[in-house]
Amino acid sequence: MRLKVIDSQRCVGCQSCMFACSRRFGQAGLANTCMNVVSAGGMSKGFKVIVCRACKEPPCAKACPVDAFVVNPKGGIKLKPELCVGCKNCIDACILGAIQWNEETAKPLACIQCGLCVKYCPHHVIEIVEH
Amino acid sequence: MKIENSFSKVLYIDLSKKTFFVEERYDLFSKYLGGTGVATQLLKENCKEGADPLSEDNTLVLAVSPFAGVFPLASKTVAMFKSPLTGDLGESHAGGRSAISIRSTGYGAIVINGKSSVPVYLSIHNGKVRFRNAYTLWGMRSCFQAGAIIRERESGSGIRAIMRIGKAGENGVAYSAVTTETYRHFGRLGMGAVMGSKNLKALVVSGKNSIPLADKKLYREVYNEIYDAAVKSDVMKKYHDIGTSGNVLSLQKIGALPTKNLQEGKFEKAKEIDGVHIAEHYLGRRVACAHCPVGCIHIANIREPHPNEPYFYKTAQVSYDYELLFALGSMLGIGDEKGMLKLIDEVEAYCLDAMSTGVVLAWTTEMYEKGLINIEQLNGLELKWGDWETYIKTVEQIVNQPNDFYKALAKGVAHASKIYGGEDFALAFGKNEMPGYHTGPGCHIGYAIGTRHSHLCNAGYSLDQKMIVDGTKETPQSIVDSLMKEEKWRQILSSLNLCFFARGIYTMDVIKRGLKSVGFDLTEEEINSIGEQIYAEKYSFKFREGFSFANQKWPKRIFETKSPSIEFDPKFMDEALAYAEKKIRELL
């Protein structure tokens with residue numbers, strides 16, 4: 001399964017998806033969100049919805065010097081935190097900017113394609129589709 | 001991390017010395033929750049008694065709460081300061097990303113004292129404070145431009161708030177606002193001028209701190225209840241479909257739409273400026289505050305041809321709500337909706353409060369019409385109802401204040417009418433210009449006794465509407481009792497950063513359980529008592545700074561133009577005021 005942005009023009013920038021993603025870790029706030037919704041050059045221009053496209057051969061995983069990113073063939077990346085050295089190579093490797101960063105743990109945040117965010121999008125901007 | 005540490009740290013910034021420090025203030029948050037409750041205390045502690053609002057002695061407080069970043073629709077940062085417009089309590093709420101950013105950068109409140117020697121903006125990322133030189137941004141005509149420049153220079157895209165002032169704030173206009181995320185405002189009581197007087201152009205805040213919970217299971221349960229009510233039920237419908245702008249025709253229908261400085265309660269061109277018409281012809285996009293799935297911010301696109309070149313256009317994106325359509329539409333007799341949207345755009349670019357600006361312009365027009373001021377005082381601008389082009393030029397004069405008359409206008413309609421006359425039709429309450437409801441005694445008493453002298457903390461107009469529909473006859477005393485009861489409750493809502501549009505969702509039960517999930521185990525009685533204490537504390541600040549019920553005057557105009565609710569005269573209104581004073585003094 002993979003996450004797909006159907007129409008970013010429908011996005012109102014409420015970030016309910018980002019909050020849902022972060023809540024998976026039993027916390028509130030945005031510390032653990034694996035996605036980002038940013039304005040497309042100010043609110044008047046609408047929004048960019050930045051999500052992981054679940055590449056089959058993800059450059060982020062290839063860039064990891066310690067093999068901390070485990071690629072799920074059905075979509076999504078699982079981080080092995082005990083291996084991660086926090087070099088941020090994965091962040092540089094993803095040209096979408098889809099790998100997020102947790103400031104407190106100093107580790108990357110990669111989407112596991114669980115689709116929880118989709119349930120909290122009020123305007124059907126994103127959906128989960130077959131890989 | 002302990003739960004309380006995630007919301008109770010206060011960042012103190014001294015602009016004079018360019019220093020800052022952080023203090024744990026759980027003492028305040030445990031007693032007053034956050035938002036309005038905590039900001040009131042921080043203002044009392046920091047703002048010197050009798051301070052000149054436009055001096056270094058004034059304090060600006062921004063406060064969030066244990067609900068910010070936690071529950072949907074808890075997105076309204078509370079700002080508090082001493083108001084340059086009224087001379088007492090200044091309170092203003094704005095959404096955008098501000099509340100989430102402040103909480104996520106690690107603070108429950110930010111207290112700004114002193115005055116910088118040069119224009120600066122504050123850059124606060126992940127709790128770290130930097131003072132940045134804002135010299136080149138000062139004097140820029142449009143606050144949109146200033147925002148765009150800061151956006152390019154700063155980090156935190158997607159999770160930051162950029163709260164900035166415009167030229168109106170820099171020039172000390174007493175009703176200048178602060179804009180955040182282009183379309184949200186800390187409006188009304190002159191926060192823009194307070195920042196301007198401190199040489200503070202903007203604050204950029206971002207962060208991604210984690211927020212711990214006390215009861216995860218209960219949290220998820222309450223969260224989903226709120227979220228579902230916001231997106232699946234009809235309770236928020238009136239805010240997201242047409243939005244508040246649909247009020248134009250609702251108020252027109254009952255004759256409560258302030259028109260041409262409230263000389264009338266109906267406007268012949270109401271249909272042209274109503275939300276339905278604007279949505280059908282101009283609505284280009286809807287956006288939301290962070291963590292609010294409702295998306296009530298309506299943005300109109302106005303396409304304009306180049307004055308000389310063919311097939312060359314520019315498109316401006318202008319946000320609108322009911323209050324703007326009343327103040328810069330019907331109140332000025334403007335029925336040309338495109339012209340009205342252009343005027344709104346101008347007011348926004350300067351970062352002026354739209355309501356006050358509209359009321360000031362309406363009073364000025366009537367003064368000129370009646371021959372009480374002359375064309376020289378207006379600097380050659382011949383004001384007449386509906387002439388939006390001249391109003392656009394007048395707005396610039398208010399901001400730049402080229403003569404004594406415009407200097408007076410920049411201090412508000414109460415101030416200007418004291419000098420030039422026309423007090424009978426200067427529509428201000430407690431020196432704050434009226435909002436867009438002339439529904440009856442409820443709304444006007446609400447403006448007069450509400451702690452912000454606006455419609456924003458009470459429900460006077462719904463009380464009037466109830467009287468219209470049910471035919472009930474309220475007394476001055478019963479109106480005051482209802483208004484005070486509602487305002488005390490709204491202190492709880494604003495102390496939790498809740499948008500007042502969500503008051504139908506956030507019932508006592510939801511708030512109680514929500515509080516429990518973040519570590520506050522309070523009974524209904526305790527919550528009500530906190531609301532009452534905050535209400536009393538706000539009045540105690542007002543009295544400390546010289547507010548007096550004896551100085552409150554009713555503009556004669558509200559009695560001259562018939563409202564749709566019950567009959568009321570000055571005696572009825574004075575009785576309400578005397579009763580309100582008695583009830584408020586009992587609380588102190």
# chains A, B, ... in the order shown; residues from 1 in each chain; ligands from 1

call {"tool": "interface_residues", "arguments": {"of": "chain B", "to": "chain A", "cutoff": "7 Å", "atoms": "only C-alpha atoms", "output": "list in words"}}
result
Gly69, Val70, Ser104, Ser157, Gly158, Glu181, Thr182, Lys208, Asn209, Ser210, Ile211, Pro212, Leu213, Lys216, Val231, Arg286, Val287, Ala288, Cys289, Ala290, His291, Cys292, Pro293, Gly295 and Gln317 of chain B

call {"tool": "write_last_selection", "arguments": {"atoms": "C-alpha atoms", "output": "tab-separated table (two decimals), in the first residue's frame"}}
result
chain	number	residue	atom	x	y	z
B	69	GLY	CA	-1.31	21.21	19.86
B	70	VAL	CA	-3.39	18.59	21.63
B	104	SER	CA	5.67	23.23	20.04
B	157	SER	CA	8.36	25.89	6.77
B	158	GLY	CA	5.01	24.22	7.53
B	181	GLU	CA	-0.16	33.51	8.34
B	182	THR	CA	-1.38	36.23	5.94
B	208	LYS	CA	8.36	20.34	17.08
B	209	ASN	CA	8.49	19.46	20.76
B	210	SER	CA	6.70	16.32	21.79
B	211	ILE	CA	3.64	16.77	23.99
B	212	PRO	CA	3.06	14.10	26.64
B	213	LEU	CA	-0.38	13.00	27.83
B	216	LYS	CA	-3.78	8.24	26.39
B	231	VAL	CA	-16.29	17.38	10.44
B	286	ARG	CA	-10.70	28.11	1.74
B	287	VAL	CA	-7.94	27.65	4.26
B	288	ALA	CA	-7.74	26.66	7.91
B	289	CYS	CA	-5.83	27.40	11.06
B	290	ALA	CA	-3.40	24.69	12.10
B	291	HIS	CA	-5.19	21.80	13.81
B	292	CYS	CA	-8.65	22.90	12.75
B	293	PRO	CA	-10.36	20.71	10.15
B	295	GLY	CA	-11.39	25.63	7.23
B	317	GLN	CA	-6.34	37.06	-2.80

call {"tool": "residues_around", "arguments": {"residues": "segment 460-470 of chain B", "least_positions_apart": "6", "cutoff": "7 Å", "atoms": "only C-alpha atoms", "output": "list in words"}}
result
Tyr437, Thr439, Gly440, Gly442, Cys443, Gly446, Leu483, Pro564 and Ser565 of chain B

call {"tool": "select_by_dssp", "arguments": {"residues": "segment 285-426 of chain B", "states": "alpha helix (DSSP H)", "output": "PyMOL selection string"}}
result
chain B and resi 322-327+337-350+354-369+388-400+404-409+413-420

call {"tool": "select_by_dssp", "arguments": {"residues": "segment 336-438 of chain B", "states": "strand (DSSP E)", "output": "list in words"}}
result
Ala428, Phe429, Asn432 and Glu433 of chain B

call {"tool": "write_last_selection", "arguments": {"atoms": "N, CA, C and O atoms", "output": "PDB file, in the first residue's frame"}}
result
ATOM      1  N   ALA B 428     -18.652  54.106  19.379  1.00  0.00           N
ATOM      2  CA  ALA B 428     -17.655  53.372  20.155  1.00  0.00           C
ATOM      3  C   ALA B 428     -18.226  53.058  21.533  1.00  0.00           C
ATOM      4  O   ALA B 428     -19.063  53.807  22.057  1.00  0.00           O
ATOM      5  N   PHE B 429     -17.765  51.967  22.082  1.00  0.00           N
ATOM      6  CA  PHE B 429     -18.178  51.548  23.429  1.00  0.00           C
ATOM      7  C   PHE B 429     -16.907  51.303  24.217  1.00  0.00           C
ATOM      8  O   PHE B 429     -16.066  50.512  23.790  1.00  0.00           O
ATOM      9  N   ASN B 432     -13.906  51.587  22.166  1.00  0.00           N
ATOM     10  CA  ASN B 432     -13.656  50.638  21.087  1.00  0.00           C
ATOM     11  C   ASN B 432     -14.800  50.719  20.078  1.00  0.00           C
ATOM     12  O   ASN B 432     -15.972  50.706  20.460  1.00  0.00           O
ATOM     13  N   GLU B 433     -14.471  50.798  18.802  1.00  0.00           N
ATOM     14  CA  GLU B 433     -15.488  50.949  17.767  1.00  0.00           C
ATOM     15  C   GLU B 433     -16.422  49.743  17.706  1.00  0.00           C
ATOM     16  O   GLU B 433     -16.010  48.612  17.949  1.00  0.00           O
TER      17      GLU B 433
END

call {"tool": "residues_around", "arguments": {"residues": "Ser176 of chain B", "least_positions_apart": "5", "cutoff": "7 Å", "atoms": "only C-alpha atoms", "output": "list in words"}}
result
Ala168, Gly169, Gly190, Met191, Gly192, Ala193, Cys351, Leu352 and Asp353 of chain B

call {"tool": "write_last_selection", "arguments": {"atoms": "all heavy atoms", "output": "tab-separated table (two decimals), in the first residue's frame"}}
result
chain	number	residue	atom	x	y	z
B	168	ALA	N	0.68	50.60	9.81
B	168	ALA	CA	-0.22	51.19	10.81
B	168	ALA	C	0.34	50.99	12.22
B	168	ALA	O	0.31	51.90	13.05
B	168	ALA	CB	-1.61	50.56	10.70
B	169	GLY	N	0.87	49.81	12.47
B	169	GLY	CA	1.47	49.54	13.78
B	169	GLY	C	2.73	50.34	14.00
B	169	GLY	O	2.98	50.88	15.07
B	190	GLY	N	-5.33	47.33	19.23
B	190	GLY	CA	-4.07	48.03	18.99
B	190	GLY	C	-2.78	47.30	19.34
B	190	GLY	O	-1.78	47.93	19.66
B	191	MET	N	-2.81	45.98	19.23
B	191	MET	CA	-1.57	45.23	19.49
B	191	MET	C	-0.46	45.63	18.49
B	191	MET	O	0.72	45.61	18.82
B	191	MET	CB	-1.85	43.74	19.42
B	191	MET	CG	-0.64	42.86	19.56
B	191	MET	SD	-1.14	41.13	19.67
B	191	MET	CE	0.35	40.28	19.23
B	192	GLY	N	-0.87	45.99	17.27
B	192	GLY	CA	0.10	46.40	16.26
B	192	GLY	C	0.91	47.61	16.72
B	192	GLY	O	2.13	47.65	16.58
B	193	ALA	N	0.20	48.59	17.30
B	193	ALA	CA	0.89	49.80	17.76
B	193	ALA	C	1.79	49.49	18.95
B	193	ALA	O	2.86	50.10	19.11
B	193	ALA	CB	-0.14	50.86	18.14
B	351	CYS	N	-2.27	46.52	7.86
B	351	CYS	CA	-2.48	45.85	9.16
B	351	CYS	C	-3.28	46.73	10.12
B	351	CYS	O	-2.85	46.98	11.25
B	351	CYS	CB	-1.13	45.53	9.78
B	351	CYS	SG	-0.72	43.83	9.75
B	352	LEU	N	-4.41	47.18	9.62
B	352	LEU	CA	-5.33	47.94	10.48
B	352	LEU	C	-6.45	47.02	10.92
B	352	LEU	O	-6.79	46.07	10.21
B	352	LEU	CB	-5.97	49.08	9.67
B	352	LEU	CG	-5.13	50.31	9.41
B	352	LEU	CD1	-5.70	51.07	8.22
B	352	LEU	CD2	-5.10	51.23	10.63
B	353	ASP	N	-7.08	47.31	12.04
B	353	ASP	CA	-8.27	46.57	12.41
B	353	ASP	C	-9.39	47.03	11.48
B	353	ASP	O	-9.67	48.23	11.38
B	353	ASP	CB	-8.66	46.84	13.86
B	353	ASP	CG	-9.93	46.10	14.23
B	353	ASP	OD1	-9.86	44.87	14.40
B	353	ASP	OD2	-11.00	46.73	14.29

call {"tool": "residues_around", "arguments": {"residues": "segment 4-7 of chain A", "least_positions_apart": "6", "cutoff": "8 Å", "atoms": "only C-alpha atoms", "output": "list of chain:residue names"}}
result
A:Val49, A:Val51, A:Arg53, A:His124, A:Val125, A:Ile126, A:Glu127, A:Ile128, A:Val129

call {"tool": "write_last_selection", "arguments": {"atoms": "all heavy atoms", "output": "mmCIF file, in the first residue's frame"}}
result
data_model
loop_
_atom_site.group_PDB
_atom_site.id
_atom_site.type_symbol
_atom_site.label_atom_id
_atom_site.label_comp_id
_atom_site.auth_asym_id
_atom_site.auth_seq_id
_atom_site.Cartn_x
_atom_site.Cartn_y
_atom_site.Cartn_z
ATOM 1 N N VAL A 49 1.501 19.191 -0.165
ATOM 2 C CA VAL A 49 1.332 18.079 0.773
ATOM 3 C C VAL A 49 2.475 17.102 0.510
ATOM 4 O O VAL A 49 2.531 16.461 -0.534
ATOM 5 C CB VAL A 49 -0.041 17.404 0.572
ATOM 6 C CG1 VAL A 49 -0.240 16.280 1.585
ATOM 7 C CG2 VAL A 49 -1.166 18.430 0.689
ATOM 8 N N VAL A 51 4.346 13.873 1.153
ATOM 9 C CA VAL A 51 4.244 12.529 1.737
ATOM 10 C C VAL A 51 5.233 11.596 1.023
ATOM 11 O O VAL A 51 5.645 11.861 -0.103
ATOM 12 C CB VAL A 51 2.806 11.949 1.615
ATOM 13 C CG1 VAL A 51 1.802 12.831 2.301
ATOM 14 C CG2 VAL A 51 2.415 11.725 0.156
ATOM 15 N N ARG A 53 6.347 8.554 -1.168
ATOM 16 C CA ARG A 53 5.699 7.861 -2.284
ATOM 17 C C ARG A 53 5.960 6.360 -2.252
ATOM 18 O O ARG A 53 5.607 5.640 -3.180
ATOM 19 C CB ARG A 53 6.171 8.428 -3.613
ATOM 20 C CG ARG A 53 5.770 9.878 -3.829
ATOM 21 C CD ARG A 53 5.974 10.288 -5.273
ATOM 22 N NE ARG A 53 5.020 9.638 -6.163
ATOM 23 C CZ ARG A 53 5.330 9.166 -7.361
ATOM 24 N NH1 ARG A 53 6.558 9.233 -7.804
ATOM 25 N NH2 ARG A 53 4.396 8.588 -8.108
ATOM 26 N N HIS A 124 -10.482 14.933 1.666
ATOM 27 C CA HIS A 124 -10.101 13.898 0.697
ATOM 28 C C HIS A 124 -8.933 14.319 -0.186
ATOM 29 O O HIS A 124 -8.978 14.181 -1.407
ATOM 30 C CB HIS A 124 -11.310 13.495 -0.165
ATOM 31 C CG HIS A 124 -12.546 13.279 0.650
ATOM 32 N ND1 HIS A 124 -12.687 12.232 1.517
ATOM 33 C CD2 HIS A 124 -13.668 14.024 0.781
ATOM 34 C CE1 HIS A 124 -13.844 12.325 2.144
ATOM 35 N NE2 HIS A 124 -14.457 13.410 1.721
ATOM 36 N N VAL A 125 -7.913 14.840 0.459
ATOM 37 C CA VAL A 125 -6.725 15.271 -0.277
ATOM 38 C C VAL A 125 -5.812 14.067 -0.531
ATOM 39 O O VAL A 125 -5.157 13.979 -1.557
ATOM 40 C CB VAL A 125 -5.967 16.357 0.533
ATOM 41 C CG1 VAL A 125 -4.663 16.741 -0.155
ATOM 42 C CG2 VAL A 125 -6.853 17.579 0.723
ATOM 43 N N ILE A 126 -5.794 13.134 0.425
ATOM 44 C CA ILE A 126 -4.896 11.987 0.317
ATOM 45 C C ILE A 126 -5.690 10.690 0.392
ATOM 46 O O ILE A 126 -6.797 10.653 0.942
ATOM 47 C CB ILE A 126 -3.831 11.994 1.456
ATOM 48 C CG1 ILE A 126 -4.482 12.394 2.801
ATOM 49 C CG2 ILE A 126 -2.677 12.913 1.130
ATOM 50 C CD1 ILE A 126 -3.555 12.375 3.996
ATOM 51 N N GLU A 127 -5.120 9.646 -0.180
ATOM 52 C CA GLU A 127 -5.741 8.334 -0.025
ATOM 53 C C GLU A 127 -4.653 7.271 -0.012
ATOM 54 O O GLU A 127 -3.506 7.534 -0.357
ATOM 55 C CB GLU A 127 -6.770 8.063 -1.123
ATOM 56 C CG GLU A 127 -6.195 7.940 -2.504
ATOM 57 C CD GLU A 127 -7.264 7.638 -3.547
ATOM 58 O OE1 GLU A 127 -8.452 7.555 -3.198
ATOM 59 O OE2 GLU A 127 -6.886 7.499 -4.720
ATOM 60 N N ILE A 128 -5.052 6.056 0.390
ATOM 61 C CA ILE A 128 -4.070 4.975 0.414
ATOM 62 C C ILE A 128 -4.443 4.024 -0.738
ATOM 63 O O ILE A 128 -5.599 3.659 -0.888
ATOM 64 C CB ILE A 128 -4.013 4.293 1.810
ATOM 65 C CG1 ILE A 128 -2.747 3.471 1.975
ATOM 66 C CG2 ILE A 128 -5.243 3.498 2.140
ATOM 67 C CD1 ILE A 128 -1.725 4.122 2.876
ATOM 68 N N VAL A 129 -3.474 3.745 -1.579
ATOM 69 C CA VAL A 129 -3.764 2.929 -2.771
ATOM 70 C C VAL A 129 -2.856 1.704 -2.816
ATOM 71 O O VAL A 129 -1.871 1.624 -2.074
ATOM 72 C CB VAL A 129 -3.557 3.764 -4.076
ATOM 73 C CG1 VAL A 129 -4.549 4.899 -4.154
ATOM 74 C CG2 VAL A 129 -2.128 4.278 -4.177
#

call {"tool": "decode", "arguments": {"residues": "segment 106-217 of chain B", "atoms": "C-alpha atoms", "output": "short mmCIF file (atom, residue, chain, number, x, y, z; two decimals), in the first residue's frame"}}
result
data_model
loop_
_atom_site.label_atom_id
_atom_site.label_comp_id
_atom_site.auth_asym_id
_atom_site.auth_seq_id
_atom_site.Cartn_x
_atom_site.Cartn_y
_atom_site.Cartn_z
CA GLY B 106 8.41 24.64 24.21
CA TYR B 107 6.61 27.56 25.85
CA GLY B 108 3.27 28.15 27.50
CA ALA B 109 3.65 31.90 27.23
CA ILE B 110 5.95 34.59 25.89
CA VAL B 111 6.29 37.88 27.78
CA ILE B 112 7.82 40.79 25.87
CA ASN B 113 9.06 43.78 27.81
CA GLY B 114 11.05 46.93 27.02
CA LYS B 115 11.80 48.59 23.71
CA SER B 116 14.49 47.86 21.18
CA SER B 117 16.80 50.68 20.12
CA VAL B 118 16.51 49.59 16.48
CA PRO B 119 13.76 47.75 14.58
CA VAL B 120 14.07 44.03 15.20
CA TYR B 121 12.17 40.85 14.67
CA LEU B 122 12.33 37.88 16.99
CA SER B 123 13.23 34.52 15.61
CA ILE B 124 12.33 31.67 17.97
CA HIS B 125 13.00 28.15 16.71
CA ASN B 126 12.93 25.10 18.98
CA GLY B 127 12.92 27.40 21.97
CA LYS B 128 16.06 29.33 20.96
CA VAL B 129 15.69 33.10 20.72
CA ARG B 130 17.49 35.35 18.23
CA PHE B 131 17.11 39.09 17.77
CA ARG B 132 17.23 39.92 14.06
CA ASN B 133 17.69 43.34 12.55
CA ALA B 134 14.45 44.46 10.89
CA TYR B 135 15.63 47.89 9.77
CA THR B 136 15.06 47.16 6.08
CA LEU B 137 11.52 45.92 6.71
CA TRP B 138 10.47 49.09 8.53
CA GLY B 139 8.28 51.46 6.54
CA MET B 140 7.40 48.86 3.92
CA ARG B 141 3.92 49.62 2.56
CA SER B 142 2.53 46.10 2.73
CA CYS B 143 2.74 43.66 5.59
CA PHE B 144 2.27 40.86 3.05
CA GLN B 145 5.63 41.79 1.57
CA ALA B 146 7.33 41.87 4.98
CA GLY B 147 5.89 38.42 5.70
CA ALA B 148 7.17 37.07 2.37
CA ILE B 149 10.69 38.32 3.07
CA ILE B 150 10.79 36.77 6.53
CA ARG B 151 9.40 33.55 5.08
CA GLU B 152 12.33 33.34 2.67
CA ARG B 153 14.94 33.94 5.36
CA GLU B 154 13.70 31.77 8.20
CA SER B 155 13.44 28.02 8.77
CA GLY B 156 10.42 26.05 9.96
CA SER B 157 8.36 25.89 6.77
CA GLY B 158 5.01 24.22 7.53
CA ILE B 159 5.31 24.53 11.31
CA ARG B 160 6.02 28.20 11.88
CA ALA B 161 3.95 31.27 12.59
CA ILE B 162 5.02 34.70 11.34
CA MET B 163 3.26 37.35 13.43
CA ARG B 164 3.99 40.79 11.98
CA ILE B 165 2.81 44.35 12.02
CA GLY B 166 2.27 46.72 9.13
CA LYS B 167 2.80 50.41 8.61
CA ALA B 168 -0.22 51.19 10.81
CA GLY B 169 1.47 49.54 13.78
CA GLU B 170 4.78 51.22 13.05
CA ASN B 171 3.02 54.61 12.98
CA GLY B 172 1.15 53.99 16.21
CA VAL B 173 -2.43 53.81 14.91
CA ALA B 174 -4.36 52.90 18.07
CA TYR B 175 -6.37 50.20 16.29
CA SER B 176 -3.57 48.60 14.28
CA ALA B 177 -3.49 44.83 14.18
CA VAL B 178 -0.95 42.03 13.95
CA THR B 179 -1.24 39.60 11.06
CA THR B 180 -0.24 35.97 11.24
CA GLU B 181 -0.16 33.51 8.34
CA THR B 182 -1.38 36.23 5.94
CA TYR B 183 -5.06 35.89 6.82
CA ARG B 184 -5.42 35.76 10.61
CA HIS B 185 -5.23 38.76 12.88
CA PHE B 186 -4.72 39.84 16.42
CA GLY B 187 -7.24 42.57 15.79
CA ARG B 188 -9.15 45.24 17.64
CA LEU B 189 -7.36 46.91 20.53
CA GLY B 190 -4.07 48.03 18.99
CA MET B 191 -1.57 45.23 19.49
CA GLY B 192 0.10 46.40 16.26
CA ALA B 193 0.89 49.80 17.76
CA VAL B 194 2.22 48.17 20.94
CA MET B 195 4.67 46.12 18.87
CA GLY B 196 5.49 49.16 16.75
CA SER B 197 6.24 51.25 19.83
CA LYS B 198 8.68 48.54 20.92
CA ASN B 199 10.39 48.58 17.52
CA LEU B 200 9.30 44.99 17.12
CA LYS B 201 8.33 44.21 13.53
CA ALA B 202 7.59 40.52 13.86
CA LEU B 203 7.92 37.25 15.71
CA VAL B 204 8.71 34.02 13.91
CA VAL B 205 8.07 30.95 16.02
CA SER B 206 8.51 27.28 15.19
CA GLY B 207 9.24 24.00 16.91
CA LYS B 208 8.36 20.34 17.08
CA ASN B 209 8.49 19.46 20.76
CA SER B 210 6.70 16.32 21.79
CA ILE B 211 3.64 16.77 23.99
CA PRO B 212 3.06 14.10 26.64
CA LEU B 213 -0.38 13.00 27.83
CA ALA B 214 -1.72 11.87 31.21
CA ASP B 215 -4.35 9.42 29.95
CA LYS B 216 -3.78 8.24 26.39
CA LYS B 217 -6.95 6.18 26.12
#
